[in-house]
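*Asks:* File target_32.txt below, compact mmCIF, C-alpha atoms and all ligand atoms:
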# COMPACT_ATOMS: atom_id res chain seq x y z
CA MET A 46 10.31 -24.29 -21.37
CA GLU A 47 11.73 -22.60 -24.46
CA ASN A 48 15.30 -21.30 -24.92
CA PHE A 49 15.71 -17.67 -24.01
CA SER A 50 18.16 -14.86 -23.47
CA PHE A 51 17.45 -12.35 -20.74
CA TYR A 52 19.36 -9.12 -20.26
CA SER A 53 18.01 -6.86 -17.55
CA PRO A 54 20.79 -4.54 -16.45
CA THR A 55 18.73 -1.82 -14.75
CA TYR A 56 20.11 -0.66 -11.40
CA PHE A 57 17.23 -0.17 -8.93
CA LEU A 58 17.16 2.11 -5.94
CA PHE A 59 14.01 1.41 -3.93
CA GLY A 60 12.47 3.16 -0.93
CA LYS A 61 11.93 6.44 0.85
CA ASP A 62 13.91 9.51 -0.24
CA GLN A 63 15.91 7.62 -2.85
CA GLU A 64 15.28 10.37 -5.41
CA THR A 65 17.88 12.48 -3.63
CA LYS A 66 20.46 10.13 -5.16
CA ALA A 67 19.46 10.93 -8.76
CA GLY A 68 22.61 13.00 -9.37
CA GLU A 69 24.85 10.27 -7.99
CA MET A 70 23.19 7.71 -10.24
CA VAL A 71 23.41 9.86 -13.39
CA LYS A 72 27.11 10.31 -12.69
CA ARG A 73 27.58 6.58 -12.17
CA PHE A 74 26.21 5.95 -15.67
CA GLY A 75 28.31 8.64 -17.33
CA GLY A 76 25.78 11.44 -17.68
CA THR A 77 27.28 14.94 -17.73
CA ARG A 78 24.65 16.85 -19.73
CA VAL A 79 21.11 15.77 -18.89
CA LEU A 80 17.70 16.34 -20.40
CA ILE A 81 15.13 16.03 -17.59
CA HIS A 82 11.79 15.03 -19.09
CA TYR A 83 8.51 15.25 -17.17
CA GLY A 84 4.74 15.37 -17.56
CA GLY A 85 1.85 17.74 -17.05
CA GLY A 86 2.87 19.14 -13.71
CA SER A 87 2.39 16.60 -10.90
CA VAL A 88 6.14 16.49 -10.27
CA VAL A 89 6.28 20.30 -10.15
CA ARG A 90 3.40 20.48 -7.66
CA SER A 91 4.81 17.76 -5.42
CA GLY A 92 8.26 19.38 -5.32
CA LEU A 93 9.87 16.23 -6.77
CA LEU A 94 11.29 18.03 -9.80
CA ASP A 95 13.04 20.55 -7.53
CA ARG A 96 14.51 17.75 -5.41
CA VAL A 97 15.80 15.94 -8.49
CA MET A 98 17.31 19.12 -9.96
CA LYS A 99 18.99 19.88 -6.64
CA SER A 100 20.46 16.39 -6.59
CA LEU A 101 21.90 16.97 -10.08
CA ASP A 102 23.19 20.41 -9.08
CA ASP A 103 24.85 18.93 -6.00
CA ALA A 104 26.58 16.40 -8.25
CA GLY A 105 27.72 19.20 -10.57
CA ILE A 106 25.71 17.92 -13.53
CA TYR A 107 24.40 20.27 -16.22
CA HIS A 108 20.71 19.86 -16.98
CA THR A 109 17.98 21.25 -19.16
CA GLU A 110 14.26 20.48 -18.87
CA LEU A 111 11.37 19.54 -21.12
CA GLY A 112 7.94 19.09 -19.52
CA GLY A 113 4.49 18.60 -20.99
CA VAL A 114 4.36 14.87 -21.65
CA LYS A 115 0.69 13.92 -21.88
CA PRO A 116 -0.62 10.50 -20.80
CA ASN A 117 -0.50 8.30 -23.92
CA PRO A 118 2.58 10.29 -24.99
CA ARG A 119 2.52 12.05 -28.34
CA SER A 120 4.95 11.93 -31.21
CA GLY A 121 5.09 15.77 -31.43
CA LEU A 122 6.84 16.20 -28.10
CA VAL A 123 9.30 13.44 -28.98
CA TYR A 124 10.42 15.45 -32.05
CA GLU A 125 10.74 18.51 -29.82
CA GLY A 126 12.82 16.54 -27.30
CA ILE A 127 15.12 15.22 -30.01
CA ASP A 128 15.74 18.76 -31.31
CA LEU A 129 16.34 20.14 -27.82
CA GLY A 130 18.60 17.24 -26.82
CA ARG A 131 20.74 17.73 -29.93
CA LYS A 132 20.91 21.46 -29.48
CA GLU A 133 21.95 21.08 -25.84
CA LYS A 134 24.31 18.19 -26.68
CA VAL A 135 22.86 16.04 -23.89
CA ASN A 136 24.28 12.59 -23.21
CA PHE A 137 21.67 11.33 -20.73
CA ILE A 138 17.85 11.45 -20.50
CA LEU A 139 16.29 11.50 -17.04
CA ALA A 140 12.58 10.68 -16.93
CA VAL A 141 10.73 11.98 -13.87
CA GLY A 142 7.17 10.66 -13.95
CA GLY A 143 5.11 7.71 -15.08
CA GLY A 144 5.14 5.32 -18.01
CA SER A 145 4.23 8.07 -20.47
CA VAL A 146 7.20 10.22 -19.47
CA ILE A 147 9.55 7.22 -19.50
CA ASP A 148 8.33 6.05 -22.91
CA SER A 149 8.71 9.53 -24.37
CA SER A 150 12.23 9.68 -22.86
CA LYS A 151 13.16 6.34 -24.43
CA ALA A 152 11.95 7.58 -27.82
CA ILE A 153 14.02 10.76 -27.48
CA ALA A 154 17.06 8.75 -26.33
CA ALA A 155 16.89 6.58 -29.45
CA GLY A 156 15.89 9.41 -31.78
CA ILE A 157 18.83 11.68 -30.89
CA LEU A 158 21.29 9.07 -32.18
CA TYR A 159 19.30 8.26 -35.32
CA ASP A 160 19.48 10.09 -38.63
CA GLY A 161 16.01 9.13 -39.84
CA ASP A 162 12.51 9.67 -38.44
CA PHE A 163 12.23 8.20 -34.91
CA TRP A 164 8.81 6.80 -35.88
CA ASP A 165 10.63 4.16 -37.95
CA PHE A 166 11.29 2.42 -34.61
CA TYR A 167 7.56 2.28 -33.95
CA SER A 168 6.76 0.76 -37.30
CA GLY A 169 9.14 -2.17 -37.25
CA LYS A 170 12.76 -0.95 -37.26
CA HIS A 171 14.88 -2.22 -34.37
CA ILE A 172 16.60 0.28 -32.06
CA GLU A 173 20.32 -0.50 -32.12
CA LYS A 174 21.55 2.32 -29.91
CA ALA A 175 20.22 5.02 -27.63
CA LEU A 176 21.46 7.48 -25.05
CA PRO A 177 21.22 6.08 -21.52
CA VAL A 178 17.91 6.71 -19.76
CA GLY A 179 17.35 6.93 -16.01
CA THR A 180 13.97 7.12 -14.34
CA VAL A 181 12.42 8.47 -11.15
CA LEU A 182 9.08 6.69 -11.14
CA THR A 183 5.90 8.29 -9.79
CA ILE A 184 3.24 5.68 -10.60
CA ALA A 185 3.26 1.89 -10.38
CA ALA A 186 1.72 0.80 -13.65
CA ALA A 187 3.38 0.46 -17.05
CA GLY A 188 6.58 -1.21 -15.84
CA SER A 189 8.58 0.92 -18.27
CA GLU A 190 11.09 1.52 -15.45
CA GLY A 191 12.45 -1.98 -16.03
CA SER A 192 11.21 -2.85 -19.50
CA PRO A 193 12.80 -2.63 -22.94
CA ASP A 194 9.56 -1.18 -24.34
CA SER A 195 8.14 2.18 -25.28
CA VAL A 196 4.67 3.04 -26.58
CA ILE A 197 3.95 6.31 -28.42
CA THR A 198 0.78 7.80 -29.90
CA ASN A 199 1.23 9.03 -33.45
CA GLU A 200 -0.62 12.32 -33.67
CA ASN A 201 -0.93 11.88 -37.39
CA GLY A 202 -3.97 9.58 -37.09
CA MET A 203 -4.04 9.12 -33.29
CA PHE A 204 -2.94 5.49 -33.14
CA LYS A 205 -0.47 3.81 -30.80
CA ARG A 206 2.47 1.63 -31.59
CA GLY A 207 5.20 0.12 -29.44
CA THR A 208 8.82 -0.79 -29.85
CA GLY A 209 11.17 -2.99 -27.85
CA SER A 210 14.95 -3.11 -27.56
CA ASP A 211 17.45 -3.78 -24.78
CA ALA A 212 19.12 -0.54 -25.90
CA ILE A 213 16.32 1.42 -24.21
CA ARG A 214 16.14 -0.50 -20.94
CA PRO A 215 16.75 2.12 -18.24
CA ALA A 216 20.29 2.28 -16.86
CA PHE A 217 18.79 2.98 -13.46
CA SER A 218 15.38 3.44 -11.94
CA ILE A 219 14.54 5.08 -8.64
CA LEU A 220 11.39 3.69 -7.05
CA ASN A 221 10.11 5.52 -3.99
CA PRO A 222 6.62 4.21 -3.16
CA ALA A 223 5.86 7.36 -1.14
CA LEU A 224 5.90 9.35 -4.40
CA THR A 225 2.81 7.43 -5.54
CA GLN A 226 0.76 8.64 -2.55
CA THR A 227 -0.30 11.79 -4.41
CA LEU A 228 -1.95 9.80 -7.22
CA PRO A 229 -5.70 10.19 -7.73
CA PRO A 230 -7.39 6.85 -6.79
CA TYR A 231 -8.46 6.30 -10.41
CA GLN A 232 -4.83 6.44 -11.61
CA THR A 233 -3.73 4.14 -8.80
CA ALA A 234 -6.40 1.65 -9.84
CA ALA A 235 -5.55 1.97 -13.53
CA GLY A 236 -1.94 1.21 -12.63
CA ILE A 237 -2.91 -1.90 -10.67
CA THR A 238 -5.05 -3.07 -13.59
CA ASP A 239 -2.15 -2.60 -16.01
CA ILE A 240 0.23 -4.54 -13.75
CA MET A 241 -2.24 -7.43 -13.60
CA ALA A 242 -2.68 -7.28 -17.37
CA HIS A 243 1.09 -7.56 -17.90
CA LEU A 244 1.01 -10.72 -15.82
CA LEU A 245 -1.99 -12.13 -17.66
CA GLU A 246 -0.45 -11.40 -21.07
CA ARG A 247 2.37 -13.73 -20.03
CA TYR A 248 0.12 -16.28 -18.38
CA LEU A 249 -1.72 -16.78 -21.68
CA THR A 250 0.94 -18.92 -23.29
CA ASN A 251 1.10 -21.81 -25.71
CA SER A 252 4.40 -23.05 -24.23
CA LYS A 253 4.37 -26.21 -22.16
CA ASP A 254 6.05 -27.00 -18.83
CA VAL A 255 6.47 -23.44 -17.60
CA VAL A 256 5.73 -24.14 -13.96
CA THR A 257 8.22 -21.68 -12.47
CA THR A 258 6.98 -18.67 -14.39
CA ASP A 259 3.34 -19.77 -13.97
CA ARG A 260 3.83 -19.79 -10.22
CA LEU A 261 5.63 -16.44 -10.24
CA ILE A 262 2.77 -14.88 -12.18
CA GLU A 263 0.12 -16.41 -9.93
CA GLY A 264 1.97 -15.19 -6.84
CA LEU A 265 2.19 -11.64 -8.17
CA LEU A 266 -1.47 -11.64 -9.21
CA LEU A 267 -2.46 -12.83 -5.73
CA SER A 268 -0.37 -10.08 -4.14
CA MET A 269 -2.13 -7.49 -6.31
CA ILE A 270 -5.53 -8.89 -5.34
CA GLU A 271 -4.51 -8.50 -1.69
CA GLU A 272 -2.76 -5.14 -1.83
CA GLY A 273 -4.91 -3.32 -4.43
CA PRO A 274 -7.98 -2.64 -2.29
CA LYS A 275 -5.73 -1.57 0.61
CA VAL A 276 -4.35 1.45 -1.28
CA ILE A 277 -7.75 2.33 -2.67
CA ASP A 278 -9.10 2.43 0.91
CA ASP A 279 -6.01 4.11 2.35
CA PRO A 280 -3.89 6.01 -0.20
CA ASP A 281 -1.21 6.57 2.47
CA ASP A 282 -0.59 2.87 3.06
CA TYR A 283 3.13 2.95 2.28
CA GLU A 284 3.70 -0.79 2.64
CA ALA A 285 0.89 -1.70 0.25
CA ARG A 286 2.20 0.89 -2.21
CA ALA A 287 5.69 -0.57 -1.88
CA ASN A 288 4.44 -4.07 -2.65
CA ILE A 289 2.49 -2.83 -5.65
CA MET A 290 5.42 -0.79 -6.95
CA TRP A 291 7.80 -3.72 -6.96
CA ALA A 292 5.14 -6.01 -8.45
CA GLY A 293 4.77 -3.48 -11.27
CA MET A 294 8.44 -3.80 -12.10
CA MET A 295 8.44 -7.61 -11.75
CA ALA A 296 5.34 -7.88 -13.93
CA HIS A 297 6.99 -6.28 -16.91
CA ASN A 298 10.79 -6.57 -16.87
CA ASN A 299 10.06 -10.03 -18.28
CA SER A 300 11.42 -12.15 -15.45
CA CYS A 301 7.96 -13.77 -15.49
CA GLY A 302 7.80 -14.04 -19.26
CA VAL A 303 11.02 -15.74 -20.25
CA GLY A 304 10.98 -19.21 -21.80
CA ARG A 305 7.34 -19.00 -22.83
CA SER A 306 5.29 -17.54 -25.67
CA GLN A 307 3.25 -14.52 -24.63
CA ASP A 308 -0.05 -13.06 -25.70
CA TRP A 309 -0.37 -9.21 -25.94
CA ASN A 310 -3.59 -9.28 -27.99
CA SER A 311 -5.42 -7.44 -25.20
CA HIS A 312 -2.79 -4.70 -25.16
CA ASN A 313 -3.00 -4.30 -28.92
CA ILE A 314 -6.78 -4.11 -28.73
CA GLU A 315 -6.67 -1.69 -25.79
CA HIS A 316 -4.05 0.64 -27.21
CA GLU A 317 -6.56 1.93 -29.76
CA LEU A 318 -8.96 2.80 -26.94
CA SER A 319 -6.42 4.93 -25.07
CA ALA A 320 -5.19 6.43 -28.34
CA LEU A 321 -8.67 7.37 -29.59
CA TYR A 322 -10.46 8.26 -26.33
CA ASP A 323 -7.37 9.33 -24.38
CA CYS A 324 -8.46 7.20 -21.45
CA ALA A 325 -5.98 5.73 -18.96
CA HIS A 326 -4.35 2.65 -20.48
CA GLY A 327 -5.24 0.62 -17.37
CA ALA A 328 -8.88 1.68 -17.59
CA GLY A 329 -8.93 0.52 -21.21
CA LEU A 330 -7.49 -2.81 -20.11
CA ALA A 331 -10.17 -3.20 -17.43
CA ILE A 332 -12.71 -3.13 -20.24
CA THR A 333 -10.68 -5.18 -22.69
CA PHE A 334 -9.21 -8.07 -20.75
CA PRO A 335 -12.37 -9.70 -19.34
CA ALA A 336 -14.01 -9.37 -22.79
CA TYR A 337 -10.98 -10.94 -24.45
CA LEU A 338 -10.90 -13.87 -21.99
CA THR A 339 -14.59 -14.45 -22.59
CA TYR A 340 -13.92 -14.63 -26.34
CA VAL A 341 -10.82 -16.84 -26.39
CA TRP A 342 -11.12 -19.25 -23.43
CA LYS A 343 -11.98 -22.24 -25.66
CA HIS A 344 -8.46 -22.10 -27.14
CA ASP A 345 -7.06 -23.68 -23.94
CA PRO A 346 -9.70 -24.36 -21.27
CA ALA A 347 -7.20 -26.14 -18.98
CA ARG A 348 -5.05 -22.99 -18.71
CA LEU A 349 -8.05 -20.79 -18.03
CA VAL A 350 -9.39 -23.22 -15.43
CA GLN A 351 -5.97 -23.15 -13.75
CA LEU A 352 -6.15 -19.34 -13.64
CA SER A 353 -9.68 -19.37 -12.18
CA VAL A 354 -8.80 -21.92 -9.53
CA ARG A 355 -5.35 -20.76 -8.46
CA VAL A 356 -5.80 -17.00 -8.72
CA TRP A 357 -9.51 -16.33 -8.31
CA GLY A 358 -10.14 -19.18 -5.85
CA VAL A 359 -12.90 -20.79 -7.90
CA GLU A 360 -13.77 -24.41 -7.10
CA ASP A 361 -13.12 -26.74 -10.04
CA THR A 362 -16.36 -28.65 -10.44
CA GLY A 363 -15.28 -30.27 -13.71
CA ASP A 364 -17.47 -27.95 -15.78
CA ASP A 365 -14.75 -25.90 -17.53
CA GLU A 366 -16.98 -23.18 -18.89
CA LYS A 367 -18.63 -22.62 -15.53
CA THR A 368 -15.28 -22.49 -13.70
CA ILE A 369 -13.78 -20.06 -16.23
CA MET A 370 -16.83 -17.78 -16.32
CA GLU A 371 -16.82 -17.60 -12.53
CA GLY A 372 -13.13 -16.62 -12.65
CA ILE A 373 -13.91 -13.86 -15.15
CA ARG A 374 -16.82 -12.72 -12.98
CA ARG A 375 -14.53 -12.45 -9.94
CA TYR A 376 -11.95 -10.55 -12.02
CA ARG A 377 -14.64 -8.06 -13.05
CA GLU A 378 -15.84 -7.74 -9.46
CA TYR A 379 -12.28 -6.96 -8.36
CA LEU A 380 -11.90 -4.32 -11.07
CA LYS A 381 -15.19 -2.75 -10.01
CA ARG A 382 -14.10 -2.81 -6.35
CA ILE A 383 -11.00 -0.74 -7.16
CA GLY A 384 -13.05 1.68 -9.30
CA MET A 385 -12.35 0.63 -12.87
CA PRO A 386 -14.87 0.91 -15.74
CA ARG A 387 -16.51 -2.03 -17.48
CA THR A 388 -17.93 -0.72 -20.75
CA LEU A 389 -16.74 1.18 -23.80
CA ALA A 390 -19.29 3.91 -23.07
CA GLU A 391 -17.60 4.63 -19.73
CA VAL A 392 -14.43 5.77 -21.53
CA GLY A 393 -16.36 7.70 -24.18
CA GLY A 394 -16.70 5.02 -26.86
CA SER A 395 -19.69 3.64 -28.74
CA GLU A 396 -20.66 0.88 -31.15
CA ALA A 397 -20.26 3.30 -34.06
CA ASP A 398 -16.47 3.38 -33.47
CA ILE A 399 -15.90 -0.38 -33.59
CA ASP A 400 -15.04 -0.69 -37.30
CA LYS A 401 -12.50 2.10 -37.00
CA LEU A 402 -10.96 0.70 -33.81
CA ALA A 403 -10.57 -2.76 -35.33
CA ASP A 404 -9.16 -1.31 -38.54
CA VAL A 405 -6.38 0.66 -36.81
CA ALA A 406 -5.64 -2.22 -34.43
CA CYS A 407 -5.18 -4.70 -37.28
CA ASN A 408 -3.83 -2.69 -40.21
CA GLY A 409 -1.01 -0.32 -41.06
CA ASP A 410 2.37 0.38 -39.43
CA GLY A 411 3.62 -3.12 -38.73
CA ARG A 412 0.26 -4.95 -38.84
CA ASP A 413 -1.00 -7.33 -41.56
CA GLY A 414 -4.74 -7.45 -40.93
CA ASN A 415 -4.59 -9.86 -37.98
CA LEU A 416 -3.33 -9.87 -34.39
CA TYR A 417 -1.12 -12.71 -33.22
CA GLY A 418 -0.74 -13.95 -29.68
CA PHE A 419 -2.29 -16.71 -27.58
CA VAL A 420 -4.70 -17.02 -30.51
CA LYS A 421 -4.68 -15.48 -33.97
CA LEU A 422 -7.40 -12.85 -34.26
CA THR A 423 -8.82 -11.65 -37.56
CA GLU A 424 -10.23 -8.15 -37.87
CA GLU A 425 -13.70 -9.69 -37.48
CA ASP A 426 -12.63 -11.36 -34.21
CA VAL A 427 -11.31 -8.02 -32.96
CA LYS A 428 -14.65 -6.37 -33.81
CA ASN A 429 -16.45 -9.13 -31.89
CA ILE A 430 -14.23 -8.51 -28.87
CA TYR A 431 -14.94 -4.76 -29.00
CA ARG A 432 -18.67 -5.65 -29.19
CA LEU A 433 -18.32 -7.58 -25.90
CA MET A 434 -17.31 -4.28 -24.29
CA LEU A 435 -20.68 -2.58 -25.03
O1 LIG B 501 1.52 14.27 -16.31
P1 LIG B 501 1.46 14.38 -14.82
O2 LIG B 501 1.06 15.70 -14.32
O3 LIG B 501 2.74 13.89 -14.17
O4 LIG B 501 0.26 13.40 -14.33
C1 LIG B 501 0.24 12.00 -14.52
C2 LIG B 501 -0.74 11.56 -15.60
O5 LIG B 501 -1.80 12.47 -15.71
C3 LIG B 501 -0.34 11.36 -13.30
N1 LIG B 501 0.65 11.06 -12.29
C4 LIG B 501 1.73 10.25 -12.40
N2 LIG B 501 2.34 10.14 -11.23
C5 LIG B 501 1.67 10.92 -10.34
C6 LIG B 501 0.58 11.51 -11.03
N3 LIG B 501 -0.30 12.32 -10.41
C7 LIG B 501 -0.12 12.58 -9.10
N4 LIG B 501 0.89 12.02 -8.38
C8 LIG B 501 1.78 11.19 -8.96
N5 LIG B 501 2.74 10.61 -8.22
O6 LIG B 501 -0.90 10.14 -13.73
C9 LIG B 501 -1.34 10.28 -15.07
C10 LIG B 501 -0.94 9.05 -15.85
O7 LIG B 501 0.46 8.97 -16.03
P2 LIG B 501 1.06 7.98 -17.13
O8 LIG B 501 2.52 8.16 -17.13
O9 LIG B 501 0.33 8.15 -18.41
O10 LIG B 501 0.66 6.54 -16.52
P3 LIG B 501 1.24 5.12 -16.78
O11 LIG B 501 2.47 4.89 -15.99
O12 LIG B 501 0.09 4.20 -16.58
O13 LIG B 501 1.69 5.09 -18.32
C11 LIG B 501 0.77 4.81 -19.34
C12 LIG B 501 1.46 4.73 -20.66
O14 LIG B 501 2.39 3.63 -20.68
C13 LIG B 501 2.16 2.83 -21.86
C14 LIG B 501 0.69 2.99 -22.07
O15 LIG B 501 0.28 2.63 -23.35
C15 LIG B 501 0.48 4.47 -21.78
O16 LIG B 501 0.79 5.24 -22.92
N6 LIG B 501 2.70 1.50 -21.64
C16 LIG B 501 4.04 1.35 -21.65
C17 LIG B 501 4.66 0.14 -21.47
C18 LIG B 501 6.13 0.01 -21.48
N7 LIG B 501 6.84 1.03 -21.90
O17 LIG B 501 6.72 -1.03 -21.15
C19 LIG B 501 3.87 -1.08 -21.28
C20 LIG B 501 2.45 -0.83 -20.93
O18 LIG B 501 1.71 -1.95 -21.27
C21 LIG B 501 1.83 0.37 -21.56
O19 LIG B 501 1.36 0.09 -22.85
ZN ZN B 502 0.15 -2.22 -20.15
Could I get this file's structure written as structure tokens?
Ligand code: NZQ
Ligand code: ZN
*Replies:*
Amino acid sequence: MENFSFYSPTYFLFGKDQETKAGEMVKRFGGTRVLIHYGGGSVVRSGLLDRVMKSLDDAGIYHTELGGVKPNPRSGLVYEGIDLGRKEKVNFILAVGGGSVIDSSKAIAAGILYDGDFWDFYSGKHIEKALPVGTVLTIAAAGSEGSPDSVITNENGMFKRGTGSDAIRPAFSILNPALTQTLPPYQTAAGITDIMAHLLERYLTNSKDVVTTDRLIEGLLLSMIEEGPKVIDDPDDYEARANIMWAGMMAHNNSCGVGRSQDWNSHNIEHELSALYDCAHGAGLAITFPAYLTYVWKHDPARLVQLSVRVWGVEDTGDDEKTIMEGIRRYREYLKRIGMPRTLAEVGGSEADIDKLADVACNGDGRDGNLYGFVKLTEEDVKNIYRLML
């Protein structure tokens, strides 16, 4: 295991009706003037936004609102949020929604305290300080409720970049699994796929002797394999939703990723799909991850055999390629079972886009022509991986 530091100070409130404590939590973390940030309307329709605002009113906290965050959140609204937050002199950002809303909130929280262009943080500059962010989560997926990360789509070119800093880890996150019951099945499935991808990105490591985190990851993957189909079949299965919601946090606050190198090539390859085609990030990962595994397995067959055997229940016959391919086949079957796509065409892509996708994935804003993770990928490798999605 490698040396590591791990700082994960988020205060979690989990379970039914916990959103009614939003005001109390904002107060606890010093918020007196709050910008409530939300998405395209699901939290208005469900009544959640009203409940959160009432909770802030009851706690005597001033608030102003900015809605309209789109999935794969755009840079334009971040600039708007920074302007509004400064004008209103807010000292706390409260995200009510999914990963997109939380990521946009984190960008605003850092941008308000920064004199330059907030995009600097998404092209390599480290975030040193940010206003505190709280979240009321409505979808189990990105893990942004516990993570130090934020991913934004730059509208000037429609490409995605991420940033990471402990300064933007949420101060608190409220996780009520019942809030996820209004999700369309496709979004639920995309969330499950993303959670599994966050675990796999950490499983694909070049570090040795990482038994504890290997076993944590395997356990969480197995729980997703068990619980995923349950919520697809019965969207009101609160217990399954609760298990998935906590797994989503565990998968990405990095408790499973410490002390080991991590991959993230699949995320970097996928991000250009959701940026260009505006598909759900999880749906893009359903297409990307099996293709990526098929392309890179030879880098460490023993690790991929371990994944196939322990997670996908494949018998190890001693033929590595056969064992690994059967694991990938079962992974694809699972993704199909929960309703995820398999090909580029299913999210609106085609072979003609591959050169462009590989170019934006590998070049510009913090990239040097290659992707680095479990394996180093050249632009040609990335094109080959996109070709496996046809
Ligand atoms: O905008 P509204 O109307 O709220 O609708 C949303 C949106 O259309 C809807 N939704 C959310 N909760 C709902 C609901 N609809 C009904 N009932 C509910 N309870 O679902 C749609 C998707 O929401 P979004 O926030 O985009 O989903 P997700 O949480 O999957 O976030 C995806 C974004 O997170 C980034 C992705 O790249 C993508 O931009 N990621 C962020 C990470 C991080 N910060 O740590 C890591 C991830 O790997 C990922 O890259
Ligand atoms: Zn993800």
*Asks:* Report, in Å to a single decimal, how far apart atom CA of Arg377 of chain A and atom CA of Pro346 of chain A are.
*Replies:*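 Between atom CA of Pro346 of chain A and atom CA of Arg377 of chain A the gap works out to 18.9 Å.
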*Asks:* Where does chain A meet ligand LIG 501 (chain B) within 6 Å, residue by residue, with the nearest atom pair and distance in Å to one decimal for each, counting only C-alpha atoms and all ligand atoms, listed by chain and rising number, as CSV?
*Replies:*
residue,atom,partner,partner_atom,distance
A:Gly84,CA,B:LIG501,O1,3.6
A:Gly85,CA,B:LIG501,O2,3.5
A:Gly86,CA,B:LIG501,O2,3.9
A:Ser87,CA,B:LIG501,O2,3.8
A:Val88,CA,B:LIG501,O3,5.8
A:Lys115,CA,B:LIG501,O1,5.6
A:Pro116,CA,B:LIG501,O9,3.5
A:Asn117,CA,B:LIG501,O16,3.5
A:Pro118,CA,B:LIG501,O16,5.7
A:Gly142,CA,B:LIG501,O3,5.5
A:Gly143,CA,B:LIG501,O8,3.3
A:Gly144,CA,B:LIG501,O11,3.4
A:Ser145,CA,B:LIG501,O8,3.8
A:Val146,CA,B:LIG501,O8,5.6
A:Asp148,CA,B:LIG501,N7,5.3
A:Thr183,CA,B:LIG501,N5,4.2
A:Ile184,CA,B:LIG501,N2,4.6
A:Ala186,CA,B:LIG501,O11,4.8
A:Ala187,CA,B:LIG501,C20,4.2
A:Gly188,CA,B:LIG501,O17,5.3
A:Ser189,CA,B:LIG501,O17,3.9
A:Ser192,CA,B:LIG501,O17,5.1
A:Asp194,CA,B:LIG501,N7,4.3
A:Ser195,CA,B:LIG501,N7,3.8
A:Val196,CA,B:LIG501,C16,5.2
A:Leu224,CA,B:LIG501,N5,5.1
A:Thr225,CA,B:LIG501,N5,4.2
A:Thr227,CA,B:LIG501,N4,4.2
A:Leu228,CA,B:LIG501,N4,3.8
A:Gln232,CA,B:LIG501,O6,5.8
A:Gly236,CA,B:LIG501,O12,5.4
A:His326,CA,B:LIG501,C14,5.3
*Asks:* Using only C-alpha atoms and all ligand atoms, I'd like a table of the residues in chain A that come within 7 Å of ligand ZN 502 (chain B); for each, show the closest atom pair and its distance in Å rounded to one decimal, ordered by chain and ascending number, as a Markdown table.
*Replies:*
| residue | atom | partner | partner_atom | distance |
| --- | --- | --- | --- | --- |
| A:Ala187 | CA | B:ZN502 | ZN | 5.2 |
| A:Asp239 | CA | B:ZN502 | ZN | 4.8 |
| A:Ile240 | CA | B:ZN502 | ZN | 6.8 |
| A:Ala242 | CA | B:ZN502 | ZN | 6.4 |
| A:His243 | CA | B:ZN502 | ZN | 5.9 |
| A:His312 | CA | B:ZN502 | ZN | 6.3 |
| A:His326 | CA | B:ZN502 | ZN | 6.6 |
| A:Gly327 | CA | B:ZN502 | ZN | 6.7 |
*Asks:* Convert the current residue selection to file output with C-alpha atoms, as a PDB file, in the coordinates of the input.
*Replies:*
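In the end it all went to part-v9.pdb:
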ATOM      1  CA  ALA A 187       3.380   0.460 -17.050  1.00  0.00           C
ATOM      2  CA  ASP A 239      -2.150  -2.600 -16.010  1.00  0.00           C
ATOM      3  CA  ILE A 240       0.230  -4.540 -13.750  1.00  0.00           C
ATOM      4  CA  ALA A 242      -2.680  -7.280 -17.370  1.00  0.00           C
ATOM      5  CA  HIS A 243       1.090  -7.560 -17.900  1.00  0.00           C
ATOM      6  CA  HIS A 312      -2.790  -4.700 -25.160  1.00  0.00           C
ATOM      7  CA  HIS A 326      -4.350   2.650 -20.480  1.00  0.00           C
ATOM      8  CA  GLY A 327      -5.240   0.620 -17.370  1.00  0.00           C
TER       9      GLY A 327
END
*Asks:* Write out as CSV the residues of segment 149-238 of chain A that have any atom within 7 Å of an atom of segment 56-67 of chain A, one row each with the nearest atom pair and its distance in Å to one decimal, counting only C-alpha atoms, sorted by chain and then rising number.
*Replies:*
residue,atom,partner,partner_atom,distance
A:Val181,CA,A:Glu64,CA,6.7
A:Ala216,CA,A:Tyr56,CA,6.2
A:Phe217,CA,A:Tyr56,CA,4.4
A:Ser218,CA,A:Phe57,CA,5.1
A:Ile219,CA,A:Leu58,CA,4.8
A:Leu220,CA,A:Phe59,CA,4.7
A:Asn221,CA,A:Gly60,CA,4.5
A:Pro222,CA,A:Gly60,CA,6.3
A:Ala223,CA,A:Lys61,CA,6.5
*Asks:* Write the residues you've just listed into a file as a PDB file, in the frame of the given file, and include C-alpha atoms for each of them.
*Replies:*
ATOM      1  CA  VAL A 181      12.420   8.470 -11.150  1.00  0.00           C
ATOM      2  CA  ALA A 216      20.290   2.280 -16.860  1.00  0.00           C
ATOM      3  CA  PHE A 217      18.790   2.980 -13.460  1.00  0.00           C
ATOM      4  CA  SER A 218      15.380   3.440 -11.940  1.00  0.00           C
ATOM      5  CA  ILE A 219      14.540   5.080  -8.640  1.00  0.00           C
ATOM      6  CA  LEU A 220      11.390   3.690  -7.050  1.00  0.00           C
ATOM      7  CA  ASN A 221      10.110   5.520  -3.990  1.00  0.00           C
ATOM      8  CA  PRO A 222       6.620   4.210  -3.160  1.00  0.00           C
ATOM      9  CA  ALA A 223       5.860   7.360  -1.140  1.00  0.00           C
TER      10      ALA A 223
END
*Asks:* Determine, counting all atoms listed in the file, every residue of protein, DNA or RNA that lies within 9 Å of (16.1, 0.0, -28.3) in the file coordinates, then give the result as a PyMOL selection string.
*Replies:* chain A and resi 151-152+155+166+171-175+193-195+208-214
